[in-house]
$ cat protein-v5.txt   # compact mmCIF, C-alpha atoms
# COMPACT_ATOMS: atom_id res chain seq x y z
CA MET K 1 163.87 133.14 65.54
CA ASN K 2 162.83 129.68 64.34
CA ILE K 3 162.97 128.34 67.88
CA LYS K 4 160.72 131.17 69.08
CA VAL K 5 158.24 130.49 66.27
CA SER K 6 158.28 126.77 67.07
CA TYR K 7 157.67 127.44 70.78
CA LEU K 8 154.92 129.92 69.97
CA SER K 9 153.33 127.43 67.55
CA ILE K 10 153.39 124.67 70.17
CA ILE K 11 151.96 127.00 72.84
CA LEU K 12 149.27 128.21 70.41
CA VAL K 13 148.30 124.59 69.59
CA PHE K 14 148.01 123.76 73.33
CA ILE K 15 145.95 126.90 74.01
CA LEU K 16 143.60 126.17 71.10
CA HIS K 17 143.30 122.53 72.15
CA ALA K 18 142.57 123.53 75.76
CA ALA K 19 140.03 126.12 74.62
CA HIS K 20 138.31 123.58 72.39
CA ALA K 21 138.24 120.96 75.19
CA GLN K 22 136.89 123.50 77.64
CA ASP K 23 134.28 124.60 75.14
CA SER K 24 132.99 121.06 74.62
CA THR K 25 132.67 120.40 78.37
CA MET K 26 130.78 123.63 78.90
CA ILE K 27 128.07 122.61 76.45
CA ARG K 28 125.04 121.47 78.37
CA LYS K 29 124.17 117.88 77.87
CA GLN K 30 120.80 117.39 76.26
CA PRO K 31 118.41 115.25 78.29
CA PRO K 32 118.04 111.82 76.78
CA LYS K 33 115.24 111.64 74.25
CA TYR K 34 112.69 109.01 75.13
CA ASN K 35 110.44 107.39 72.64
CA PHE K 36 106.83 106.57 73.44
CA LYS K 37 107.63 103.03 74.61
CA ASP K 38 110.21 104.26 77.15
CA ARG K 39 107.61 106.43 78.89
CA ILE K 40 104.97 103.70 79.37
CA PHE K 41 104.76 101.81 82.66
CA PHE K 42 102.57 99.03 84.00
CA GLY K 43 101.60 98.20 87.53
CA GLY K 44 98.72 97.99 89.93
CA ASN K 45 97.55 96.29 93.07
CA LEU K 46 97.01 92.68 94.00
CA GLY K 47 95.28 91.81 97.25
CA LEU K 48 94.40 88.43 98.75
CA GLN K 49 92.70 87.45 101.99
CA PHE K 50 91.30 84.04 102.92
CA GLY K 51 89.28 82.77 105.86
CA THR K 52 85.84 83.76 107.11
CA VAL K 53 86.25 86.74 104.80
CA THR K 54 87.66 85.95 101.37
CA PHE K 55 88.81 88.98 99.40
CA VAL K 56 90.61 89.07 96.05
CA ASP K 57 91.58 92.38 94.44
CA VAL K 58 93.15 92.52 90.96
CA SER K 59 93.68 96.11 89.79
CA PRO K 60 96.14 96.46 86.88
CA LEU K 61 97.05 99.84 85.44
CA VAL K 62 98.96 101.36 82.56
CA GLY K 63 100.52 104.82 82.76
CA TYR K 64 102.53 107.30 80.76
CA ARG K 65 105.34 109.52 82.06
CA ILE K 66 104.48 112.90 80.53
CA THR K 67 107.59 114.49 82.06
CA ASP K 68 110.12 113.23 84.59
CA LYS K 69 107.82 114.49 87.36
CA VAL K 70 104.29 114.11 85.94
CA SER K 71 102.56 110.87 84.95
CA ALA K 72 98.99 109.83 84.21
CA GLY K 73 97.19 106.62 83.43
CA ILE K 74 94.17 104.36 83.55
CA GLY K 75 93.35 101.14 85.34
CA VAL K 76 90.66 98.53 85.80
CA THR K 77 89.49 96.93 89.03
CA TYR K 78 88.00 93.56 89.85
CA GLN K 79 87.24 92.53 93.43
CA TYR K 80 85.72 89.33 94.72
CA TYR K 81 84.27 89.36 98.23
CA ARG K 82 82.84 86.43 100.19
CA TYR K 83 81.78 86.28 103.81
CA LYS K 84 80.81 82.93 105.29
CA ASP K 85 80.20 81.79 108.83
CA LYS K 86 77.77 79.25 110.32
CA PHE K 87 74.85 81.72 110.20
CA TYR K 88 75.33 83.82 107.10
CA GLU K 89 76.88 83.69 103.63
CA LEU K 90 77.43 86.57 101.22
CA GLU K 91 79.25 86.59 97.89
CA THR K 92 79.66 89.51 95.49
CA ASN K 93 81.81 90.94 92.68
CA VAL K 94 82.92 94.53 92.17
CA TYR K 95 83.94 95.93 88.76
CA GLY K 96 85.30 99.30 87.80
CA GLY K 97 88.00 101.55 86.48
CA ARG K 98 90.04 104.60 87.30
CA VAL K 99 91.95 107.51 85.81
CA PHE K 100 94.89 108.89 87.79
CA GLY K 101 97.58 111.55 87.83
CA ARG K 102 100.79 111.61 89.81
CA TYR K 103 103.38 114.29 90.57
CA MET K 104 106.84 113.30 91.85
CA PHE K 105 108.19 115.88 94.34
CA THR K 106 111.44 113.91 94.73
CA ASP K 107 112.63 110.52 93.51
CA TYR K 108 110.70 108.99 96.41
CA LEU K 109 107.77 111.24 97.41
CA PHE K 110 104.73 111.90 95.23
CA ALA K 111 101.21 113.33 95.17
CA HIS K 112 98.43 111.19 93.69
CA ALA K 113 94.88 112.00 92.55
CA GLU K 114 92.38 109.73 90.88
CA TYR K 115 88.79 109.39 89.82
CA GLU K 116 87.41 105.89 90.34
CA TYR K 117 84.16 104.32 89.16
CA LEU K 118 82.94 101.09 90.75
CA ASN K 119 79.84 98.98 90.11
CA LEU K 120 78.93 96.90 93.14
CA GLU K 121 76.06 95.19 94.87
CA ALA K 122 74.15 97.16 97.48
CA PHE K 123 72.22 95.41 100.20
CA ASP K 124 69.33 97.65 101.21
CA PHE K 125 65.97 95.94 101.40
CA PHE K 126 66.92 93.87 98.39
CA ARG K 127 70.11 93.20 96.45
CA ARG K 128 70.81 95.54 93.58
CA ARG K 129 73.81 96.90 91.66
CA VAL K 130 74.82 100.53 92.21
CA ASP K 131 77.45 102.84 90.73
CA VAL K 132 79.90 104.46 93.11
CA ASN K 133 82.07 107.40 92.01
CA SER K 134 85.06 108.40 94.12
CA VAL K 135 87.65 111.17 94.01
CA LEU K 136 90.74 109.98 95.87
CA VAL K 137 93.61 112.36 96.72
CA GLY K 138 96.77 111.83 98.73
CA GLY K 139 100.42 111.02 98.50
CA GLY K 140 102.94 108.30 98.88
CA TYR K 141 106.41 106.88 98.88
CA TYR K 142 108.03 105.13 95.89
CA GLN K 143 110.93 102.73 96.44
CA ARG K 144 112.81 101.91 93.24
CA PHE K 145 114.35 98.48 92.64
CA THR K 146 115.74 99.48 89.25
CA SER K 147 115.46 102.62 87.16
CA ASN K 148 112.21 101.23 85.67
CA ALA K 149 110.64 99.27 88.54
CA GLY K 150 109.59 99.79 92.12
CA VAL K 151 106.98 99.44 94.82
CA MET K 152 104.84 102.23 96.21
CA ALA K 153 102.81 102.87 99.34
CA MET K 154 100.01 105.46 99.22
CA LEU K 155 97.76 107.11 101.77
CA LEU K 156 94.60 108.46 100.10
CA TYR K 157 91.46 110.26 101.22
CA ASN K 158 88.07 109.72 99.53
CA PHE K 159 86.48 113.16 99.11
CA THR K 160 83.20 111.79 97.73
CA GLU K 161 82.46 109.20 100.37
CA ASP K 162 78.83 108.18 100.08
CA ARG K 163 76.49 105.52 101.42
CA TYR K 164 77.79 102.69 99.22
CA THR K 165 81.49 103.46 99.11
CA PRO K 166 83.59 100.38 99.88
CA TYR K 167 86.30 102.45 101.60
CA THR K 168 86.80 103.99 105.00
CA ASN K 169 89.10 107.01 105.21
CA PRO K 170 92.05 107.04 105.11
CA ILE K 171 92.77 104.43 102.41
CA PHE K 172 96.14 102.69 102.44
CA ARG K 173 97.37 101.08 99.20
CA ILE K 174 100.49 99.20 98.23
CA GLY K 175 101.25 98.67 94.55
CA PHE K 176 104.02 98.35 92.01
CA ASN K 177 105.19 99.86 88.70
CA ILE K 178 107.27 98.26 85.95
CA GLY K 179 108.50 100.18 82.90
CA PHE K 180 110.21 99.13 79.69
$ encode --input "protein-v5.txt" --output "structure tokens"
Amino acid sequence: MNIKVSYLSIILVFILHAAHAQDSTMIRKQPPKYNFKDRIFFGGNLGLQFGTVTFVDVSPLVGYRITDKVSAGIGVTYQYYRYKDKFYELETNVYGGRVFGRYMFTDYLFAHAEYEYLNLEAFDFFRRRVDVNSVLVGGGYYQRFTSNAGVMAMLLYNFTEDRYTPYTNPIFRIGFNIGF
């Protein structure tokens, strides 16, 4: 009888151990908790062109990942434009800002919408500064280098194209994001 009790005890210990191990693997893992700093990312656009037309675009941004799929942020824009040939010379500066939202369909494909405000020089009968408001909507592709950094290419459409808008539809942008 002692041998039977010993065997039953050993079998019972193995069954309880297996049940406990199975129980712990069946518990769903909680998603990692991110603090505020982990959800912030930086990025933007940098454009340079030299020659008859000189163009410099510096447009940094800061964003916040609200969820794994939804992010939003703000950015500022500065553009320098100069045209010079033997007959004509033009030089101007553009200032502005933007607010954007982004939805990631997959790890690589996303939708993007933004409101952009620019202050630029208009050349009607005389030079003057004008405000240009744009609503840009489109999508893009995001290529990650690391879990917190990557480059993106976007194709956007300006739905509020007006007389002074600096864009022609469609608008193609390349930028980058870097997170903590």
$ atom_distance --input "protein-v5.txt" --atom1 "atom CA of K:Leu120" --atom2 "atom CA of K:Val132"
7.6 Å
$ closest_residue --input "protein-v5.txt" --among "K:Tyr117, K:Phe55, K:Tyr64, K:Tyr80" --to "K:Gly96" --atoms "all atoms listed in the file"
K:Tyr117
$ residues_near_point --input "protein-v5.txt" --point "(96.3, 112.1, 96.4)" --cutoff "9 Å" --atoms "only C-alpha atoms" --output "ChimeraX atom specification"
/K:101-102,110-114,136-140,154-157
$ atom_distance --input "protein-v5.txt" --atom1 "atom CA of K:Asp57" --atom2 "atom CA of K:Ile174"
11.8 Å
$ atom_distance --input "protein-v5.txt" --atom1 "atom CA of K:Val58" --atom2 "atom CA of K:Arg144"
21.9 Å
$ closest_residue --input "protein-v5.txt" --among "K:Tyr83, K:Tyr78, K:Arg98, K:Ser134" --to "K:Gly63" --atoms "only C-alpha atoms"
K:Arg98
$ residues_around --input "protein-v5.txt" --residues "K:Asn177" --least-positions-apart "6" --cutoff "12 Å" --atoms "only C-alpha atoms" --output "ChimeraX atom specification"
/K:40-45,60-65,71,73,142-153
